[in-house]
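As provided, final37.cif (mmCIF, C-alpha atoms) reads as follows.
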```
data_run
loop_
_atom_site.group_PDB
_atom_site.id
_atom_site.type_symbol
_atom_site.label_atom_id
_atom_site.label_comp_id
_atom_site.auth_asym_id
_atom_site.auth_seq_id
_atom_site.Cartn_x
_atom_site.Cartn_y
_atom_site.Cartn_z
ATOM 1 C CA MET A 1 78.129 152.078 71.199
ATOM 2 C CA PHE A 2 79.556 149.250 69.153
ATOM 3 C CA PRO A 3 79.636 151.216 65.857
ATOM 4 C CA PHE A 4 81.450 154.057 67.607
ATOM 5 C CA TYR A 5 83.954 151.633 69.170
ATOM 6 C CA SER A 6 84.571 150.010 65.782
ATOM 7 C CA CYS A 7 85.195 153.355 64.085
ATOM 8 C CA TRP A 8 87.572 154.375 66.887
ATOM 9 C CA ARG A 9 89.593 151.172 66.480
ATOM 10 C CA THR A 10 89.736 151.613 62.706
ATOM 11 C CA GLY A 11 90.934 155.188 63.063
ATOM 12 C CA LEU A 12 93.603 154.166 65.563
ATOM 13 C CA LEU A 13 94.894 151.403 63.260
ATOM 14 C CA LEU A 14 95.098 153.846 60.348
ATOM 15 C CA LEU A 15 97.075 156.310 62.477
ATOM 16 C CA LEU A 16 99.484 153.551 63.526
ATOM 17 C CA LEU A 17 100.002 152.439 59.915
ATOM 18 C CA LEU A 18 100.608 156.024 58.859
ATOM 19 C CA ALA A 19 103.160 156.491 61.653
ATOM 20 C CA ILE A 20 104.971 153.289 60.652
ATOM 21 C CA MET A 21 105.102 154.352 56.997
ATOM 22 C CA LEU A 22 106.470 157.783 57.909
ATOM 23 C CA ARG A 23 109.084 156.186 60.154
ATOM 24 C CA GLU A 24 110.216 153.761 57.441
ATOM 25 C CA SER A 25 110.354 156.597 54.926
ATOM 26 C CA TRP A 26 112.436 158.705 57.311
ATOM 27 C CA GLN A 27 114.825 155.836 57.971
ATOM 28 C CA THR A 28 115.206 155.127 54.269
ATOM 29 C CA GLU A 29 116.011 158.737 53.528
ATOM 30 C CA GLY A 30 118.410 158.933 56.461
ATOM 31 C CA LYS A 31 120.340 155.772 55.519
ATOM 32 C CA THR A 32 121.884 157.073 52.340
ATOM 33 C CA CYS A 33 124.973 159.019 51.388
ATOM 34 C CA ASP A 34 125.378 162.354 53.111
ATOM 35 C CA LEU A 35 128.001 164.479 51.416
ATOM 36 C CA VAL A 36 130.598 166.258 53.473
ATOM 37 C CA GLY A 37 129.473 169.851 54.016
ATOM 38 C CA GLU A 38 126.438 171.778 55.136
ATOM 39 C CA ASP A 39 122.983 170.633 54.067
ATOM 40 C CA GLY A 40 121.761 172.482 51.014
ATOM 41 C CA ARG A 41 125.246 173.624 50.065
ATOM 42 C CA GLU A 42 126.642 170.366 48.645
ATOM 43 C CA SER A 43 128.574 170.298 45.415
ATOM 44 C CA GLU A 44 126.339 169.984 42.363
ATOM 45 C CA ARG A 45 128.948 167.776 40.737
ATOM 46 C CA GLU A 46 128.965 165.379 43.678
ATOM 47 C CA LEU A 47 125.162 165.253 43.747
ATOM 48 C CA ALA A 48 125.148 164.410 40.032
ATOM 49 C CA LEU A 49 127.655 161.596 40.611
ATOM 50 C CA LEU A 50 125.570 160.153 43.452
ATOM 51 C CA LYS A 51 122.550 160.171 41.147
ATOM 52 C CA LEU A 52 124.640 158.401 38.523
ATOM 53 C CA MET A 53 125.493 155.677 41.055
ATOM 54 C CA THR A 54 121.830 155.006 41.894
ATOM 55 C CA PRO A 55 121.709 151.634 40.011
ATOM 56 C CA LEU A 56 124.282 150.283 42.507
ATOM 57 C CA TYR A 57 122.289 151.147 45.629
ATOM 58 C CA SER A 58 120.544 147.769 45.635
ATOM 59 C CA LYS A 59 123.756 145.756 45.246
ATOM 60 C CA SER A 60 126.032 144.367 47.952
ATOM 61 C CA PHE A 61 129.710 143.523 47.461
ATOM 62 C CA GLU A 62 131.932 141.221 49.485
ATOM 63 C CA SER A 63 135.561 140.137 49.338
ATOM 64 C CA THR A 64 137.702 137.859 51.531
ATOM 65 C CA VAL A 65 141.460 138.270 52.019
ATOM 66 C CA GLY A 66 144.137 136.691 54.221
ATOM 67 C CA GLN A 67 144.645 133.222 55.645
ATOM 68 C CA GLY A 68 144.151 131.531 58.983
ATOM 69 C CA PRO A 69 143.539 133.863 61.922
ATOM 70 C CA ASP A 70 144.267 136.884 59.723
ATOM 71 C CA THR A 71 141.362 136.241 57.394
ATOM 72 C CA TYR A 72 139.110 139.266 56.910
ATOM 73 C CA VAL A 73 135.845 139.781 55.063
ATOM 74 C CA TYR A 74 135.082 143.203 53.633
ATOM 75 C CA LYS A 75 131.468 144.160 52.933
ATOM 76 C CA PHE A 76 130.634 147.211 50.874
ATOM 77 C CA ARG A 77 127.499 148.954 49.627
ATOM 78 C CA VAL A 78 127.028 152.170 47.692
ATOM 79 C CA CYS A 79 125.148 154.732 49.804
ATOM 80 C CA GLN A 80 123.455 152.006 51.834
ATOM 81 C CA GLU A 81 124.249 150.314 55.132
ATOM 82 C CA ALA A 82 126.535 147.311 54.677
ATOM 83 C CA SER A 83 125.947 145.961 58.181
ATOM 84 C CA ASN A 84 122.980 145.458 60.476
ATOM 85 C CA HIS A 85 125.161 145.868 63.562
ATOM 86 C CA SER A 86 126.777 149.243 62.853
ATOM 87 C CA SER A 87 124.819 152.418 62.139
ATOM 88 C CA ARG A 88 125.388 153.973 58.698
ATOM 89 C CA ALA A 89 128.385 151.750 57.995
ATOM 90 C CA GLY A 90 129.002 151.758 54.239
ATOM 91 C CA LEU A 91 132.082 149.513 54.391
ATOM 92 C CA VAL A 92 132.968 147.119 57.208
ATOM 93 C CA GLN A 93 135.769 144.693 58.004
ATOM 94 C CA ILE A 94 134.927 141.411 59.759
ATOM 95 C CA ASN A 95 137.551 139.224 61.394
ATOM 96 C CA LYS A 96 136.506 135.632 60.609
ATOM 97 C CA SER A 97 138.401 134.166 63.554
ATOM 98 C CA ASN A 98 136.529 136.092 66.264
ATOM 99 C CA GLY A 99 133.697 137.789 64.337
ATOM 100 C CA LYS A 100 134.801 141.284 65.335
ATOM 101 C CA GLU A 101 133.335 143.948 63.075
ATOM 102 C CA THR A 102 135.194 147.170 62.343
ATOM 103 C CA VAL A 103 133.624 150.074 60.488
ATOM 104 C CA VAL A 104 136.033 151.298 57.816
ATOM 105 C CA GLY A 105 133.808 154.124 56.588
ATOM 106 C CA ARG A 106 130.321 155.546 57.042
ATOM 107 C CA ILE A 107 127.895 156.825 54.433
ATOM 108 C CA ASN A 108 127.054 159.953 56.394
ATOM 109 C CA GLU A 109 130.541 161.314 55.590
ATOM 110 C CA THR A 110 130.791 160.737 51.851
ATOM 111 C CA HIS A 111 133.026 162.391 49.303
ATOM 112 C CA ILE A 112 132.909 161.521 45.595
ATOM 113 C CA PHE A 113 134.633 162.803 42.466
ATOM 114 C CA ASN A 114 135.542 161.448 39.058
ATOM 115 C CA GLY A 115 137.814 161.745 36.062
ATOM 116 C CA SER A 116 138.208 160.124 32.677
ATOM 117 C CA ASN A 117 136.819 156.573 33.044
ATOM 118 C CA TRP A 118 137.058 156.426 36.837
ATOM 119 C CA ILE A 119 135.130 157.428 39.970
ATOM 120 C CA MET A 120 136.564 157.823 43.453
ATOM 121 C CA LEU A 121 134.154 157.154 46.339
ATOM 122 C CA ILE A 122 135.365 157.971 49.852
ATOM 123 C CA TYR A 123 133.690 157.035 53.128
ATOM 124 C CA LYS A 124 135.034 158.806 56.188
ATOM 125 C CA GLY A 125 134.077 158.554 59.853
ATOM 126 C CA GLY A 126 135.082 154.937 60.450
ATOM 127 C CA ASP A 127 136.115 153.441 63.788
ATOM 128 C CA GLU A 128 139.209 154.936 65.380
ATOM 129 C CA TYR A 129 142.588 153.198 65.155
ATOM 130 C CA ASP A 130 143.835 151.669 68.386
ATOM 131 C CA SER A 131 147.398 153.000 68.103
ATOM 132 C CA HIS A 132 148.151 153.761 64.455
ATOM 133 C CA CYS A 133 147.653 157.050 62.595
ATOM 134 C CA ASN A 134 147.389 159.108 65.776
ATOM 135 C CA LYS A 135 144.169 157.224 66.623
ATOM 136 C CA GLU A 136 142.223 159.012 63.907
ATOM 137 C CA GLN A 137 139.059 157.607 62.331
ATOM 138 C CA ARG A 138 139.388 155.051 59.580
ATOM 139 C CA ARG A 139 138.642 156.002 55.984
ATOM 140 C CA ALA A 140 137.675 153.868 52.966
ATOM 141 C CA VAL A 141 138.687 154.853 49.430
ATOM 142 C CA VAL A 142 136.968 152.903 46.643
ATOM 143 C CA MET A 143 138.439 153.341 43.162
ATOM 144 C CA ILE A 144 135.761 152.472 40.576
ATOM 145 C CA SER A 145 137.251 151.873 37.119
ATOM 146 C CA CYS A 146 135.502 151.732 33.752
ATOM 147 C CA ASN A 147 134.383 148.346 32.485
ATOM 148 C CA ARG A 148 131.663 148.510 29.839
ATOM 149 C CA HIS A 149 130.887 144.789 30.182
ATOM 150 C CA THR A 150 129.525 144.833 33.732
ATOM 151 C CA LEU A 151 127.349 147.053 35.879
ATOM 152 C CA ALA A 152 129.485 146.360 38.951
ATOM 153 C CA ASP A 153 131.961 143.576 39.721
ATOM 154 C CA ASN A 154 135.466 142.677 40.921
ATOM 155 C CA PHE A 155 135.348 144.388 44.316
ATOM 156 C CA ASN A 156 138.756 143.795 45.908
ATOM 157 C CA PRO A 157 140.770 145.357 48.761
ATOM 158 C CA MET A 158 144.188 146.585 47.616
ATOM 159 C CA PHE A 159 146.023 147.676 50.763
ATOM 160 C CA GLU A 160 145.762 149.590 54.021
ATOM 161 C CA GLU A 161 147.904 152.681 54.411
ATOM 162 C CA ARG A 162 148.453 153.127 58.146
ATOM 163 C CA GLY A 163 152.142 153.976 58.306
ATOM 164 C CA LYS A 164 151.507 157.729 58.389
ATOM 165 C CA VAL A 165 150.759 160.049 61.251
ATOM 166 C CA GLN A 166 147.435 161.058 59.730
ATOM 167 C CA ASP A 167 145.270 160.663 56.614
ATOM 168 C CA CYS A 168 145.476 156.879 56.718
ATOM 169 C CA PHE A 169 143.081 154.938 54.500
ATOM 170 C CA TYR A 170 141.968 151.571 53.110
ATOM 171 C CA LEU A 171 142.116 151.352 49.310
ATOM 172 C CA PHE A 172 139.664 149.215 47.329
ATOM 173 C CA GLU A 173 139.003 148.809 43.630
ATOM 174 C CA MET A 174 135.943 147.831 41.628
ATOM 175 C CA ASP A 175 134.793 147.742 37.995
ATOM 176 C CA SER A 176 131.627 149.364 36.725
ATOM 177 C CA SER A 177 130.222 150.612 33.438
ATOM 178 C CA LEU A 178 128.906 153.685 35.278
ATOM 179 C CA ALA A 179 132.459 155.015 35.453
ATOM 180 C CA CYS A 180 132.848 155.006 31.668
ATOM 181 C CA THR A 181 132.565 158.208 29.696
ATOM 182 C CA PRO A 182 129.768 158.179 27.093
ATOM 183 C CA GLU A 183 130.882 156.910 23.711
ATOM 184 C CA VAL A 184 130.836 159.519 20.962
ATOM 185 C CA SER A 185 129.921 158.579 17.417
ATOM 186 C CA HIS A 186 132.940 158.672 15.101
ATOM 187 C CA LEU A 187 131.013 158.681 11.802
ATOM 188 C CA SER A 188 132.267 161.276 9.351
ATOM 189 C CA VAL A 189 130.012 163.489 7.241
ATOM 190 C CA GLY A 190 130.701 161.317 4.212
ATOM 191 C CA SER A 191 129.737 158.161 6.090
ATOM 192 C CA ILE A 192 126.501 159.743 7.273
ATOM 193 C CA LEU A 193 125.627 160.845 3.738
ATOM 194 C CA LEU A 194 126.440 157.382 2.389
ATOM 195 C CA VAL A 195 124.244 155.672 4.977
ATOM 196 C CA THR A 196 121.420 158.133 4.265
ATOM 197 C CA PHE A 197 121.698 157.576 0.504
ATOM 198 C CA ALA A 198 121.738 153.791 0.883
ATOM 199 C CA SER A 199 118.650 153.967 3.123
ATOM 200 C CA LEU A 200 116.771 156.097 0.600
ATOM 201 C CA VAL A 201 117.667 153.719 -2.236
ATOM 202 C CA ALA A 202 116.476 150.747 -0.199
ATOM 203 C CA VAL A 203 113.182 152.488 0.603
ATOM 204 C CA TYR A 204 112.715 153.424 -3.062
ATOM 205 C CA ILE A 205 113.331 149.903 -4.360
ATOM 206 C CA ILE A 206 111.294 148.075 -1.710
ATOM 207 C CA GLY A 207 108.441 150.576 -1.783
ATOM 208 C CA GLY A 208 108.339 150.641 -5.580
ATOM 209 C CA PHE A 209 108.431 146.856 -5.766
ATOM 210 C CA LEU A 210 105.495 146.544 -3.386
ATOM 211 C CA TYR A 211 103.514 149.211 -5.247
ATOM 212 C CA GLN A 212 104.115 147.616 -8.651
ATOM 213 C CA ARG A 213 103.197 144.160 -7.394
ATOM 214 C CA LEU A 214 100.273 144.895 -5.085
ATOM 215 C CA VAL A 215 98.678 147.940 -6.755
ATOM 216 C CA VAL A 216 99.618 147.728 -10.425
ATOM 217 C CA GLY A 217 99.721 143.917 -10.487
ATOM 218 C CA ALA A 218 103.020 143.719 -12.349
ATOM 219 C CA LYS A 219 104.968 140.474 -12.663
ATOM 220 C CA GLY A 220 108.591 139.572 -13.224
ATOM 221 C CA MET A 221 110.920 142.420 -14.164
ATOM 222 C CA GLU A 222 107.966 144.769 -14.514
ATOM 223 C CA GLN A 223 107.831 144.907 -10.705
ATOM 224 C CA PHE A 224 110.979 147.040 -10.639
ATOM 225 C CA PRO A 225 109.958 150.708 -10.170
ATOM 226 C CA HIS A 226 110.328 152.896 -13.302
ATOM 227 C CA LEU A 227 111.831 150.012 -15.244
ATOM 228 C CA ALA A 228 111.704 151.758 -18.666
ATOM 229 C CA PHE A 229 113.425 154.850 -17.287
ATOM 230 C CA TRP A 230 116.272 152.855 -15.743
ATOM 231 C CA GLN A 231 116.663 150.801 -18.909
ATOM 232 C CA ASP A 232 117.076 154.045 -20.890
ATOM 233 C CA VAL A 233 119.583 155.254 -18.317
ATOM 234 C CA GLY A 234 121.488 151.994 -18.652
ATOM 235 C CA ASN A 235 121.553 152.285 -22.439
ATOM 236 C CA LEU A 236 122.800 155.867 -22.246
ATOM 237 C CA VAL A 237 125.510 154.861 -19.811
ATOM 238 C CA ALA A 238 126.543 151.984 -22.075
ATOM 239 C CA ASP A 239 126.693 154.326 -25.091
ATOM 240 C CA GLY A 240 128.747 156.783 -23.102
ATOM 241 C CA CYS A 241 131.170 154.076 -22.025
ATOM 242 C CA ASP A 242 131.439 152.820 -25.579
ATOM 243 C CA PHE A 243 132.142 156.346 -26.811
ATOM 244 C CA VAL A 244 134.751 157.096 -24.154
ATOM 245 C CA CYS A 245 136.389 153.725 -23.761
ATOM 246 C CA ARG A 246 136.480 152.322 -27.338
ATOM 247 C CA SER A 247 140.014 151.187 -28.284
ATOM 248 C CA LYS A 248 140.006 152.098 -32.001
ATOM 249 C CA PRO A 249 139.155 155.267 -33.950
ATOM 250 C CA ARG A 250 135.563 155.777 -34.992
ATOM 251 C CA ASN A 251 136.346 156.505 -38.712
ATOM 252 C CA VAL A 252 138.454 153.480 -39.622
ATOM 253 C CA PRO A 253 138.421 152.478 -43.325
ATOM 254 C CA ALA A 254 136.927 149.112 -44.096
ATOM 255 C CA THR A 255 139.363 146.236 -44.218
ATOM 256 C CA TYR A 256 137.662 144.710 -47.281
ATOM 257 C CA ARG A 257 137.186 145.876 -50.906
ATOM 258 C CA GLY A 258 134.470 145.115 -53.350
ATOM 259 C CA VAL A 259 135.164 142.832 -56.296
ATOM 260 C CA GLY A 260 135.205 144.587 -59.751
ATOM 261 C CA ASP A 261 133.656 143.318 -62.984
ATOM 262 C CA ASP A 262 137.070 142.857 -64.527
ATOM 263 C CA GLN A 263 137.933 140.372 -61.791
ATOM 264 C CA LEU A 264 134.884 138.253 -62.376
ATOM 265 C CA GLY A 265 136.069 137.107 -65.813
ATOM 266 C CA GLU A 266 133.689 136.459 -68.747
ATOM 267 C CA ASP A 267 129.994 136.232 -68.355
ATOM 268 C CA SER A 268 128.645 132.927 -67.181
ATOM 269 C CA GLU A 269 126.220 132.843 -70.109
ATOM 270 C CA GLU A 270 129.094 132.968 -72.593
ATOM 271 C CA ARG A 271 130.878 130.201 -70.701
ATOM 272 C CA ASP A 272 127.828 127.990 -71.107
ATOM 273 C CA ASP A 273 127.282 128.485 -74.824
ATOM 274 C CA HIS A 274 129.224 125.400 -75.762
ATOM 275 C CA LEU A 275 126.873 123.277 -73.733
ATOM 276 C CA LEU A 276 123.862 124.126 -75.920
ATOM 277 C CA PRO A 277 122.944 121.652 -78.722
ATOM 278 C CA MET A 278 123.799 122.826 -82.172
#
```
When written as structure tokens, how does the structure in this file appear?
Amino acid sequence: MFPFYSCWRTGLLLLLLLAIMLRESWQTEGKTCDLVGEDGRESERELALLKLMTPLYSKSFESTVGQGPDTYVYKFRVCQEASNHSSRAGLVQINKSNGKETVVGRINETHIFNGSNWIMLIYKGGDEYDSHCNKEQRRAVVMISCNRHTLADNFNPMFEERGKVQDCFYLFEMDSSLACTPEVSHLSVGSILLVTFASLVAVYIIGGFLYQRLVVGAKGMEQFPHLAFWQDVGNLVADGCDFVCRSKPRNVPATYRGVGDDQLGEDSEERDDHLLPM
């Protein structure tokens, strides 16, 4: 009886754990951006942009504006809930004087598009206006600009447009490197060939040096690979330069002349005859 009771308890605990895991998984999947449109028919471009923004899912952004009783705190998250009090709220406004929380936009009504070095993220479905904008739902527009020096920073509210009859919105801005277009290499064909040639020369010299020193056992200048060949090349180059760049003709007559016998005067033996004893 006891073994059966123990197995029954173990099985029940496993079922409960499995149910909890499935529930958490379902909640996690449900609390993310849901693009505007029918399921399965979303824009491929928007889905690609949401995938690009994945590194920001774990980050939370906050900014405070105003003074005194008109001080507001804005909390924002990318495709995640920004508040524990409001369901699927991606961007909320909190009045610091009374703690009232207003949902500016929800992640289950997301629209996203981009251009050159910018991304526009829009959350719709916020709380309704009390009297402005024909009492329509609030909408948050986050302009993400390119900044290659930060993953995400400088989240700031810009203004609230509520002077229209409809299509009112809150505008925010933020910097992120994810909004930057990929940098394209600007190396020309000549530069690539020059880099390749320099790399090959470096490999040849270093490899030849190591071979001459470690395998052949050469010392001093003999460690340079193919030393005799390069010396011959240097001599040929020097001869070529001398031939091309010499500053005087090759067949120039000598600037000196030999001394003739008539210029030497009488023989030295004859000049010494008077010194001999008679």
_Target residues per the PyMOL selection byres ((chain A and resi 171) around 10), formatted as a ChimeraX atom specification_ = /A:122,139-143,156-161,168-170,172-173
*asked:* Here's the selection I'm unsure about, the PyMOL selection byres ((chain A and resi 224) around 10); applied to the file above, which residues does it give, as a VMD selection string?
replied: chain A and resid 205 to 213 218 to 223 225 to 228 230
Let's have the selection written as a PDB file, in the frame of the given file, with C-alpha atoms.
```
ATOM      1  CA  ILE A 205     113.331 149.903  -4.360  1.00  0.00           C
ATOM      2  CA  ILE A 206     111.294 148.075  -1.710  1.00  0.00           C
ATOM      3  CA  GLY A 207     108.441 150.576  -1.783  1.00  0.00           C
ATOM      4  CA  GLY A 208     108.339 150.641  -5.580  1.00  0.00           C
ATOM      5  CA  PHE A 209     108.431 146.856  -5.766  1.00  0.00           C
ATOM      6  CA  LEU A 210     105.495 146.544  -3.386  1.00  0.00           C
ATOM      7  CA  TYR A 211     103.514 149.211  -5.247  1.00  0.00           C
ATOM      8  CA  GLN A 212     104.115 147.616  -8.651  1.00  0.00           C
ATOM      9  CA  ARG A 213     103.197 144.160  -7.394  1.00  0.00           C
ATOM     10  CA  ALA A 218     103.020 143.719 -12.349  1.00  0.00           C
ATOM     11  CA  LYS A 219     104.968 140.474 -12.663  1.00  0.00           C
ATOM     12  CA  GLY A 220     108.591 139.572 -13.224  1.00  0.00           C
ATOM     13  CA  MET A 221     110.920 142.420 -14.164  1.00  0.00           C
ATOM     14  CA  GLU A 222     107.966 144.769 -14.514  1.00  0.00           C
ATOM     15  CA  GLN A 223     107.831 144.907 -10.705  1.00  0.00           C
ATOM     16  CA  PRO A 225     109.958 150.708 -10.170  1.00  0.00           C
ATOM     17  CA  HIS A 226     110.328 152.896 -13.302  1.00  0.00           C
ATOM     18  CA  LEU A 227     111.831 150.012 -15.244  1.00  0.00           C
ATOM     19  CA  ALA A 228     111.704 151.758 -18.666  1.00  0.00           C
ATOM     20  CA  TRP A 230     116.272 152.855 -15.743  1.00  0.00           C
TER      21      TRP A 230
END
```
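Here the question is which of A:Asp153, A:Glu101, A:Asp167, A:Asp239 gets nearest to A:Lys135 using all atoms listed in the file, and that residue is A:Asp167.
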_Taking the file as I've supplied it (selection: the PyMOL selection byres ((chain A and resi 99) around 12)), which residues are included? Please answer as a count of residues only._
16
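With all atoms listed in the file as the atoms that count, the minimum distance from A:His149 to the choices A:Ser116, A:Gln166, A:Thr110, A:Ser177 is reached by A:Ser177.
Counting all atoms listed in the file, the residue from A:Cys33, A:Leu47, A:Leu52, A:Val189 that sits nearest to A:Lys124 is A:Cys33.
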*Hey, which of A:Leu193, A:Leu15, A:Val201, A:Met120 ends up closest to A:Leu49? Count all atoms listed in the file.*
A:Met120
*Suppose you want the space between atom CA of A:Leu56 and atom CA of A:Pro182; what is it in Å?*
18.2 Å
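Across A:Ile192, A:Val36, A:Val216, A:Leu236, the tightest approach to A:Gly125 is made by A:Val36 when counting only C-alpha atoms.
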*Name the residues, using the chain letters and numbers of the file, that sit within 12 Å of (130.2, 159.3, 55.9) when counting all atoms listed in the file, and give them as a ChimeraX atom specification.*
/A:30-37,78-81,87-91,103-112,121-127,137-141
*Quick one, how far is atom CA of A:Ala179 from atom CA of A:Glu42?*
21.1 Å
*By how many Å are atom CA of A:Pro55 and atom CA of A:Gly40 apart?*
23.6 Å
Need the axis-aligned box for stretch 165-176 of chain A with 8 Å each side, so what are the centre and edges in Å to one decimal, as lines of an AutoDock Vina configuration file?
```
center_x = 141.2
center_y = 154.4
center_z = 49.0
size_x = 35.1
size_y = 29.3
size_z = 40.5
```
*Of the candidates A:Asn147, A:Phe155, A:Phe113, A:Cys133, which one gets nearest to A:Ala48 if we count only C-alpha atoms?*
A:Phe113
